[in-house]
>>> print(open('upload_16.pdb').read())   # PDB, C-alpha atoms
ATOM      1  CA  MET A 423      22.938  13.533  -3.966
ATOM      2  CA  THR A 424      20.976  10.347  -3.704
ATOM      3  CA  THR A 425      17.635   9.562  -5.271
ATOM      4  CA  PRO A 426      14.526   9.715  -3.045
ATOM      5  CA  LEU A 427      14.090   5.931  -3.134
ATOM      6  CA  ALA A 428      17.682   5.370  -1.994
ATOM      7  CA  GLY A 429      17.104   7.794   0.895
ATOM      8  CA  TYR A 430      14.086   5.828   2.106
ATOM      9  CA  LEU A 431      15.932   2.535   1.671
ATOM     10  CA  LEU A 432      18.869   3.828   3.726
ATOM     11  CA  VAL A 433      16.541   5.009   6.510
ATOM     12  CA  ALA A 434      14.871   1.578   6.476
ATOM     13  CA  ALA A 435      18.262  -0.174   6.591
ATOM     14  CA  LEU A 436      19.367   1.962   9.550
ATOM     15  CA  LEU A 437      16.087   1.338  11.392
ATOM     16  CA  PHE A 438      16.426  -2.406  10.716
ATOM     17  CA  ALA A 439      19.971  -2.404  12.121
ATOM     18  CA  ILE A 440      18.797  -0.493  15.217
ATOM     19  CA  GLY A 441      15.978  -2.995  15.756
ATOM     20  CA  LEU A 442      18.376  -5.901  15.292
ATOM     21  CA  ALA A 443      20.812  -4.366  17.773
ATOM     22  CA  GLY A 444      17.955  -3.907  20.256
ATOM     23  CA  ALA A 445      16.854  -7.515  19.864
ATOM     24  CA  LEU A 446      20.402  -8.836  20.264
ATOM     25  CA  VAL A 447      21.778  -6.517  22.929
ATOM     26  CA  ARG A 448      19.017  -5.928  25.460
ATOM     27  CA  ARG A 449      18.187  -8.353  28.245
ATOM     28  CA  ASN A 450      14.534  -7.525  28.796
ATOM     29  CA  ALA A 451      12.151  -9.678  26.761
ATOM     30  CA  ILE A 452       9.793  -6.732  26.103
ATOM     31  CA  LEU A 453      12.660  -4.674  24.677
ATOM     32  CA  VAL A 454      13.542  -7.585  22.390
ATOM     33  CA  LEU A 455       9.937  -7.559  21.134
ATOM     34  CA  ILE A 456      10.209  -3.801  20.550
ATOM     35  CA  GLY A 457      13.344  -4.462  18.484
ATOM     36  CA  ILE A 458      11.478  -7.044  16.416
ATOM     37  CA  GLU A 459       8.652  -4.549  15.833
ATOM     38  CA  LEU A 460      11.185  -1.955  14.642
ATOM     39  CA  MET A 461      12.628  -4.485  12.177
ATOM     40  CA  LEU A 462       9.146  -5.298  10.824
ATOM     41  CA  ASN A 463       8.432  -1.595  10.427
ATOM     42  CA  ALA A 464      11.675  -1.083   8.520
ATOM     43  CA  ALA A 465      10.629  -3.838   6.095
ATOM     44  CA  ASN A 466       7.233  -2.139   5.674
ATOM     45  CA  LEU A 467       8.944   1.156   4.864
ATOM     46  CA  ASN A 468      10.908  -0.645   2.134
ATOM     47  CA  LEU A 469       7.708  -2.119   0.682
ATOM     48  CA  ILE A 470       5.912   1.232   0.628
ATOM     49  CA  ALA A 471       8.925   3.018  -0.862
ATOM     50  CA  PHE A 472       9.231   0.462  -3.654
ATOM     51  CA  TRP A 473       5.471   0.703  -4.256
ATOM     52  CA  ARG A 474       5.714   4.497  -4.551
ATOM     53  CA  PHE A 475       8.709   4.592  -6.909
ATOM     54  CA  GLY A 476       8.168   1.273  -8.681
ATOM     55  CA  PRO A 477       6.855   0.864 -12.221
ATOM     56  CA  HIS A 478       3.215  -0.129 -11.541
ATOM     57  CA  PRO A 479       1.818   1.564  -8.428
ATOM     58  CA  GLU A 480      -1.781   1.107  -9.621
ATOM     59  CA  LEU A 481      -1.451  -2.665  -9.057
ATOM     60  CA  LEU A 482      -1.095  -1.919  -5.306
ATOM     61  CA  THR A 483       1.206  -4.899  -4.754
ATOM     62  CA  GLY A 484       3.652  -3.341  -2.302
ATOM     63  CA  MET A 485       0.889  -1.443  -0.510
ATOM     64  CA  MET A 486      -1.136  -4.635   0.032
ATOM     65  CA  PHE A 487       1.956  -6.484   1.228
ATOM     66  CA  ALA A 488       2.622  -3.720   3.752
ATOM     67  CA  ILE A 489      -0.992  -3.703   4.990
ATOM     68  CA  PHE A 490      -1.003  -7.486   5.487
ATOM     69  CA  SER A 491       2.394  -7.236   7.141
ATOM     70  CA  ILE A 492       0.999  -4.669   9.609
ATOM     71  CA  ALA A 493      -1.863  -7.066  10.444
ATOM     72  CA  VAL A 494       0.518  -9.999  10.979
ATOM     73  CA  ALA A 495       2.775  -7.807  13.117
ATOM     74  CA  ALA A 496      -0.198  -6.943  15.343
ATOM     75  CA  ALA A 497      -0.925 -10.664  15.836
ATOM     76  CA  GLU A 498       2.754 -11.283  16.556
ATOM     77  CA  ALA A 499       2.845  -8.530  19.174
ATOM     78  CA  ALA A 500      -0.232  -9.936  20.928
ATOM     79  CA  VAL A 501       1.134 -13.488  21.104
ATOM     80  CA  GLY A 502       4.660 -12.337  22.002
ATOM     81  CA  LEU A 503       3.534 -10.158  24.890
ATOM     82  CA  GLY A 504       1.219 -12.955  26.078
ATOM     83  CA  LEU A 505       4.246 -15.254  26.166
ATOM     84  CA  VAL A 506       6.283 -12.655  28.071
ATOM     85  CA  ILE A 507       3.546 -12.319  30.700
ATOM     86  CA  SER A 508       3.270 -16.101  30.966
ATOM     87  CA  ILE A 509       7.048 -16.456  31.427
ATOM     88  CA  TYR A 510       7.021 -13.652  33.997
ATOM     89  CA  ARG A 511       4.393 -15.567  35.963
ATOM     90  CA  HIS A 512       6.651 -18.638  35.998
ATOM     91  CA  THR A 513      10.034 -17.070  36.758
ATOM     92  CA  ASN A 514       9.095 -13.655  38.191
ATOM     93  CA  SER A 515      11.487 -11.999  35.751
ATOM     94  CA  THR A 516      11.650 -10.875  32.134
ATOM     95  CA  ASP A 517      15.447 -11.121  32.025
ATOM     96  CA  LEU A 518      16.405 -13.269  29.031
ATOM     97  CA  ASP A 519      19.849 -14.071  30.464
ATOM     98  CA  LYS A 520      18.130 -15.896  33.334
ATOM     99  CA  MET A 521      15.978 -18.035  31.053
ATOM    100  CA  ASN A 522      18.222 -21.036  30.578
ATOM    101  CA  ARG A 523      15.859 -23.997  30.713
ATOM    102  CA  MET A 524      13.004 -25.110  28.521
ATOM    103  CA  LYS A 525      11.080 -27.054  31.161
ATOM    104  CA  GLY A 526       8.340 -25.006  32.836
TER     105      GLY A 526
ATOM    106  CA  MET B1125      15.001  15.067  -1.290
ATOM    107  CA  SER B1126      12.861  17.493   0.619
ATOM    108  CA  PRO B1127      13.794  18.874   4.037
ATOM    109  CA  ILE B1128      10.608  17.251   5.372
ATOM    110  CA  PHE B1129      12.092  13.858   4.557
ATOM    111  CA  TYR B1130      15.218  14.638   6.574
ATOM    112  CA  ILE B1131      13.175  15.820   9.563
ATOM    113  CA  LEU B1132      10.964  12.723   9.492
ATOM    114  CA  ALA B1133      13.942  10.409   9.001
ATOM    115  CA  ALA B1134      15.738  12.019  11.964
ATOM    116  CA  LEU B1135      12.569  11.669  14.074
ATOM    117  CA  THR B1136      12.192   7.980  13.196
ATOM    118  CA  ILE B1137      15.848   7.063  13.662
ATOM    119  CA  GLY B1138      16.062   9.092  16.875
ATOM    120  CA  GLY B1139      12.979   7.363  18.251
ATOM    121  CA  GLY B1140      14.373   3.948  17.360
ATOM    122  CA  LEU B1141      17.772   4.700  18.908
ATOM    123  CA  ALA B1142      16.186   6.026  22.089
ATOM    124  CA  ALA B1143      13.941   2.931  22.284
ATOM    125  CA  VAL B1144      16.961   0.654  22.175
ATOM    126  CA  LEU B1145      19.246   2.722  24.426
ATOM    127  CA  LEU B1146      16.991   4.081  27.200
ATOM    128  CA  LYS B1147      17.283   2.213  30.500
ATOM    129  CA  ASN B1148      13.748   2.820  31.759
ATOM    130  CA  LEU B1149      11.322   0.553  29.898
ATOM    131  CA  VAL B1150       8.428   3.026  29.984
ATOM    132  CA  HIS B1151      10.634   5.676  28.387
ATOM    133  CA  ALA B1152      11.710   3.101  25.787
ATOM    134  CA  ALA B1153       8.054   2.342  24.997
ATOM    135  CA  LEU B1154       7.354   6.068  24.533
ATOM    136  CA  ALA B1155      10.398   6.378  22.242
ATOM    137  CA  THR B1156       9.063   3.422  20.237
ATOM    138  CA  THR B1157       5.802   5.307  19.816
ATOM    139  CA  VAL B1158       7.760   8.271  18.450
ATOM    140  CA  ALA B1159       9.473   5.951  15.943
ATOM    141  CA  PHE B1160       6.090   4.498  14.900
ATOM    142  CA  ALA B1161       4.679   8.009  14.428
ATOM    143  CA  GLY B1162       7.714   9.019  12.365
ATOM    144  CA  LEU B1163       7.168   5.979  10.152
ATOM    145  CA  ALA B1164       3.488   6.841   9.718
ATOM    146  CA  LEU B1165       4.505  10.355   8.624
ATOM    147  CA  LEU B1166       7.060   8.859   6.224
ATOM    148  CA  TYR B1167       4.237   6.766   4.698
ATOM    149  CA  LEU B1168       2.177   9.944   4.284
ATOM    150  CA  GLU B1169       5.204  11.605   2.673
ATOM    151  CA  LEU B1170       5.298   8.616   0.278
ATOM    152  CA  ASP B1171       1.637   9.294  -0.726
ATOM    153  CA  ALA B1172       0.488   6.088   0.988
ATOM    154  CA  GLN B1173      -2.286   7.657   3.042
ATOM    155  CA  PHE B1174      -4.088   4.420   3.847
ATOM    156  CA  ALA B1175      -0.931   2.687   5.084
ATOM    157  CA  GLY B1176      -0.012   5.779   7.114
ATOM    158  CA  PHE B1177      -3.323   5.897   8.946
ATOM    159  CA  ALA B1178      -3.358   2.113   9.356
ATOM    160  CA  GLN B1179       0.109   2.454  10.926
ATOM    161  CA  ILE B1180      -1.175   5.108  13.353
ATOM    162  CA  LEU B1181      -4.236   3.027  14.276
ATOM    163  CA  VAL B1182      -2.490  -0.327  14.619
ATOM    164  CA  TYR B1183       0.914   0.629  16.021
ATOM    165  CA  ILE B1184       0.290   3.752  18.079
ATOM    166  CA  GLY B1185      -3.265   2.780  18.963
ATOM    167  CA  ALA B1186      -2.823  -0.905  19.713
ATOM    168  CA  VAL B1187       0.751  -2.213  19.779
ATOM    169  CA  ALA B1188       2.191   0.653  21.855
ATOM    170  CA  ILE B1189      -0.652   0.347  24.381
ATOM    171  CA  LEU B1190      -0.099  -3.421  24.500
ATOM    172  CA  ILE B1191       3.616  -2.894  25.186
ATOM    173  CA  VAL B1192       2.875  -0.435  27.998
ATOM    174  CA  PHE B1193       0.383  -2.907  29.505
ATOM    175  CA  ALA B1194       2.967  -5.695  29.363
ATOM    176  CA  ILE B1195       5.596  -3.445  31.002
ATOM    177  CA  LEU B1196       3.233  -2.525  33.828
ATOM    178  CA  LEU B1197       2.024  -6.128  34.297
ATOM    179  CA  THR B1198       5.588  -7.418  34.578
ATOM    180  CA  ARG B1199       6.799  -4.540  36.763
ATOM    181  CA  GLY B1200       9.459  -3.885  34.148
ATOM    182  CA  SER B1201       9.622  -0.169  34.885
ATOM    183  CA  ASP B1202      12.226  -0.636  37.642
ATOM    184  CA  VAL B1203      15.707  -0.358  36.179
ATOM    185  CA  PRO B1204      17.684  -3.535  36.985
ATOM    186  CA  LYS B1205      20.818  -3.011  39.068
ATOM    187  CA  ASP B1206      23.115  -5.203  36.993
ATOM    188  CA  GLY B1207      22.646  -3.292  33.745
ATOM    189  CA  VAL B1208      20.143  -3.538  30.928
ATOM    190  CA  PHE B1209      22.467  -4.951  28.292
ATOM    191  CA  SER B1210      23.109  -8.617  27.684
ATOM    192  CA  ARG B1211      26.449 -10.262  28.470
ATOM    193  CA  THR B1212      27.084 -10.743  24.762
ATOM    194  CA  TRP B1213      26.223  -7.173  23.782
ATOM    195  CA  ALA B1214      29.433  -6.619  21.784
ATOM    196  CA  VAL B1215      28.646  -9.560  19.486
ATOM    197  CA  GLY B1216      25.121  -8.254  18.903
ATOM    198  CA  LEU B1217      26.435  -4.784  18.128
ATOM    199  CA  VAL B1218      28.955  -6.158  15.621
ATOM    200  CA  ILE B1219      26.252  -8.250  13.904
ATOM    201  CA  ALA B1220      23.891  -5.259  13.661
ATOM    202  CA  ALA B1221      26.649  -3.014  12.286
ATOM    203  CA  ALA B1222      27.601  -5.666   9.733
ATOM    204  CA  VAL B1223      23.971  -6.043   8.622
ATOM    205  CA  PHE B1224      23.639  -2.275   8.215
ATOM    206  CA  ALA B1225      26.906  -2.111   6.278
ATOM    207  CA  VAL B1226      25.778  -4.830   3.864
ATOM    208  CA  LEU B1227      22.319  -3.260   3.360
ATOM    209  CA  ALA B1228      23.707   0.253   2.857
ATOM    210  CA  TRP B1229      26.361  -1.068   0.467
ATOM    211  CA  ALA B1230      23.700  -2.888  -1.551
ATOM    212  CA  VAL B1231      21.511   0.241  -1.750
ATOM    213  CA  LEU B1232      24.391   2.541  -2.708
ATOM    214  CA  GLU B1233      25.777   0.081  -5.279
ATOM    215  CA  SER B1234      22.401  -0.230  -7.039
ATOM    216  CA  LEU B1235      21.759   3.518  -7.213
ATOM    217  CA  ARG B1236      21.677   3.517 -11.027
ATOM    218  CA  ALA B1237      19.359   0.518 -11.211
ATOM    219  CA  VAL B1238      16.670   1.810  -8.857
ATOM    220  CA  PRO B1239      13.850   3.830 -10.423
ATOM    221  CA  GLN B1240      14.236   7.582 -10.269
ATOM    222  CA  GLN B1241      11.559  10.187  -9.594
ATOM    223  CA  ALA B1242       8.112   8.789 -10.394
ATOM    224  CA  ALA B1243       4.722  10.450 -10.772
ATOM    225  CA  VAL B1244       2.451  10.506  -7.739
ATOM    226  CA  PRO B1245       0.351   7.331  -7.958
ATOM    227  CA  ALA B1246      -3.361   8.086  -8.368
ATOM    228  CA  VAL B1247      -4.575   5.503  -5.860
ATOM    229  CA  THR B1248      -7.601   6.177  -3.679
ATOM    230  CA  VAL B1249      -8.951   4.276  -0.676
ATOM    231  CA  ASP B1250     -11.693   3.122  -3.072
ATOM    232  CA  ASP B1251      -9.118   1.260  -5.140
ATOM    233  CA  ILE B1252      -7.595  -0.293  -2.035
ATOM    234  CA  GLY B1253     -10.993  -1.483  -0.817
ATOM    235  CA  ASN B1254     -11.859  -2.925  -4.224
ATOM    236  CA  ALA B1255      -8.521  -4.715  -4.382
ATOM    237  CA  LEU B1256      -8.993  -6.078  -0.852
ATOM    238  CA  VAL B1257     -12.364  -7.679  -1.647
ATOM    239  CA  GLY B1258     -11.422  -8.548  -5.221
ATOM    240  CA  ARG B1259      -7.933  -9.705  -6.050
ATOM    241  CA  TYR B1260      -6.753 -10.035  -2.437
ATOM    242  CA  VAL B1261      -9.876 -11.541  -0.872
ATOM    243  CA  LEU B1262      -8.226 -14.867   0.043
ATOM    244  CA  PRO B1263      -5.277 -13.240   1.880
ATOM    245  CA  LEU B1264      -7.795 -10.975   3.622
ATOM    246  CA  GLU B1265      -9.774 -13.984   4.892
ATOM    247  CA  ILE B1266      -6.581 -15.727   5.992
ATOM    248  CA  VAL B1267      -5.453 -12.621   7.882
ATOM    249  CA  GLY B1268      -8.837 -12.493   9.588
ATOM    250  CA  LEU B1269      -8.468 -16.135  10.629
ATOM    251  CA  LEU B1270      -4.896 -15.494  11.785
ATOM    252  CA  LEU B1271      -5.933 -12.517  13.912
ATOM    253  CA  THR B1272      -8.737 -14.532  15.530
ATOM    254  CA  ALA B1273      -6.430 -17.464  16.232
ATOM    255  CA  ALA B1274      -3.690 -15.152  17.557
ATOM    256  CA  THR B1275      -6.106 -13.352  19.899
ATOM    257  CA  ILE B1276      -7.456 -16.618  21.314
ATOM    258  CA  GLY B1277      -3.931 -18.024  21.557
ATOM    259  CA  ALA B1278      -2.617 -14.943  23.368
ATOM    260  CA  VAL B1279      -5.464 -15.117  25.891
ATOM    261  CA  ILE B1280      -4.888 -18.835  26.505
ATOM    262  CA  VAL B1281      -1.123 -18.419  26.852
ATOM    263  CA  ALA B1282      -1.420 -15.530  29.300
ATOM    264  CA  MET B1283      -4.300 -17.044  31.295
ATOM    265  CA  HIS B1284      -3.824 -17.952  34.955
ATOM    266  CA  GLU B1285      -2.962 -21.603  35.389
ATOM    267  CA  LYS B1286      -3.509 -21.760  39.134
ATOM    268  CA  GLU B1287      -7.291 -22.184  38.857
ATOM    269  CA  ARG B1288      -6.859 -25.439  36.945
ATOM    270  CA  PRO B1289      -8.699 -28.295  38.726
ATOM    271  CA  LYS B1290      -6.435 -30.986  40.166
ATOM    272  CA  SER B1291      -6.534 -34.126  38.071
TER     273      SER B1291
END
>>> encode(input="upload_16.pdb", output="structure tokens")
Amino acid sequence: MTTPLAGYLLVAALLFAIGLAGALVRRNAILVLIGIELMLNAANLNLIAFWRFGPHPELLTGMMFAIFSIAVAAAEAAVGLGLVISIYRHTNSTDLDKMNRMKG
Amino acid sequence: MSPIFYILAALTIGGGLAAVLLKNLVHAALATTVAFAGLALLYLELDAQFAGFAQILVYIGAVAILIVFAILLTRGSDVPKDGVFSRTWAVGLVIAAAVFAVLAWAVLESLRAVPQQAAVPAVTVDDIGNALVGRYVLPLEIVGLLLTAATIGAVIVAMHEKERPKS
């Protein structure tokens, strides 16, 4: 039987691996962004779990890190999806395998 | 380990797997929302109420809607005929499995070192607010600046370029 913290860490590791697989395996740019979001969320789960079971929860360190990470992830999603829409306007596709040049 | 934890973990992992595996992008976005909700419930289970509700507001309320908008704007809901997986999918799968193996090995090897059962932390939203405007006020300002810059940048990047005057 594992400890509660190890259970949360294993769930976070599995979610991170799923997000990584999604970012590496899928061809659609939006799905790759979804994979990146899943990876960020897995890291947040780690932070919150360590905050909850760590030695000094009243210092709020892990909690604050997770809250700031959520804010940065929101900014990342906005810019990433803006880029996807901009690329779609150029190439009429969101297929990453077809994006093989850097010149617009 | 409570049975609630197992239910929430299964919900989160199932949502994540469905998001990665489903062919239809709209279904994948909905599965992502399920994963986000499962994570928010896991935060609540970890006595982090503020982070749980922030997760619901930011991810389910904003990011999921943004993803659905992007899918509809790029007509991504049609399933492509030549498959949804990349040509190098086997390599990606191997890398992901290796990463999970290393992470799980590290967690299971350090079982004795990690802290055991701890008391429920007595942290209220009051404390979080005081910390945000006290000790963490500089990061808070920087995040505000970052969000402003990111919003303006996203609008500029996604703006139509055709209306640009000829120079």
>>> closest_residue(input="upload_16.pdb", among="A:Ala434, A:Ala428, A:Leu446, A:Val501", to="Asn463 of chain A", atoms="all atoms listed in the file")
A:Ala434
>>> closest_residue(input="upload_16.pdb", among="B:Ile1180, B:Ile1195, B:Leu1269, B:Gly1162", to="chain A", atoms="all atoms listed in the file")
B:Ile1195
>>> interface_residues(input="upload_16.pdb", of="chain B", to="chain A", cutoff="7 Å", atoms="all atoms listed in the file", output="PyMOL selection string")
chain B and resi 1125+1133+1137+1140-1141+1144+1170+1175+1187+1194+1198+1208-1210+1213+1216-1217+1220-1221+1223-1224+1227-1228+1231+1235+1239-1242+1245+1247+1271+1274-1275+1277-1278+1281-1282
>>> atom_distance(input="upload_16.pdb", atom1="atom CA of Leu1256 of chain B", atom2="atom CA of Leu1163 of chain B")
23.0 Å
>>> closest_residue(input="upload_16.pdb", among="B:Val1244, B:Leu1168, B:Ile1131, B:Ala1188", to="Ala1143 of chain B", atoms="all atoms listed in the file")
B:Ala1188
>>> atom_distance(input="upload_16.pdb", atom1="atom CA of Val1203 of chain B", atom2="atom CA of Lys520 of chain A")
16.0 Å
>>> atom_distance(input="upload_16.pdb", atom1="atom CA of Leu1232 of chain B", atom2="atom CA of Thr1157 of chain B")
29.3 Å
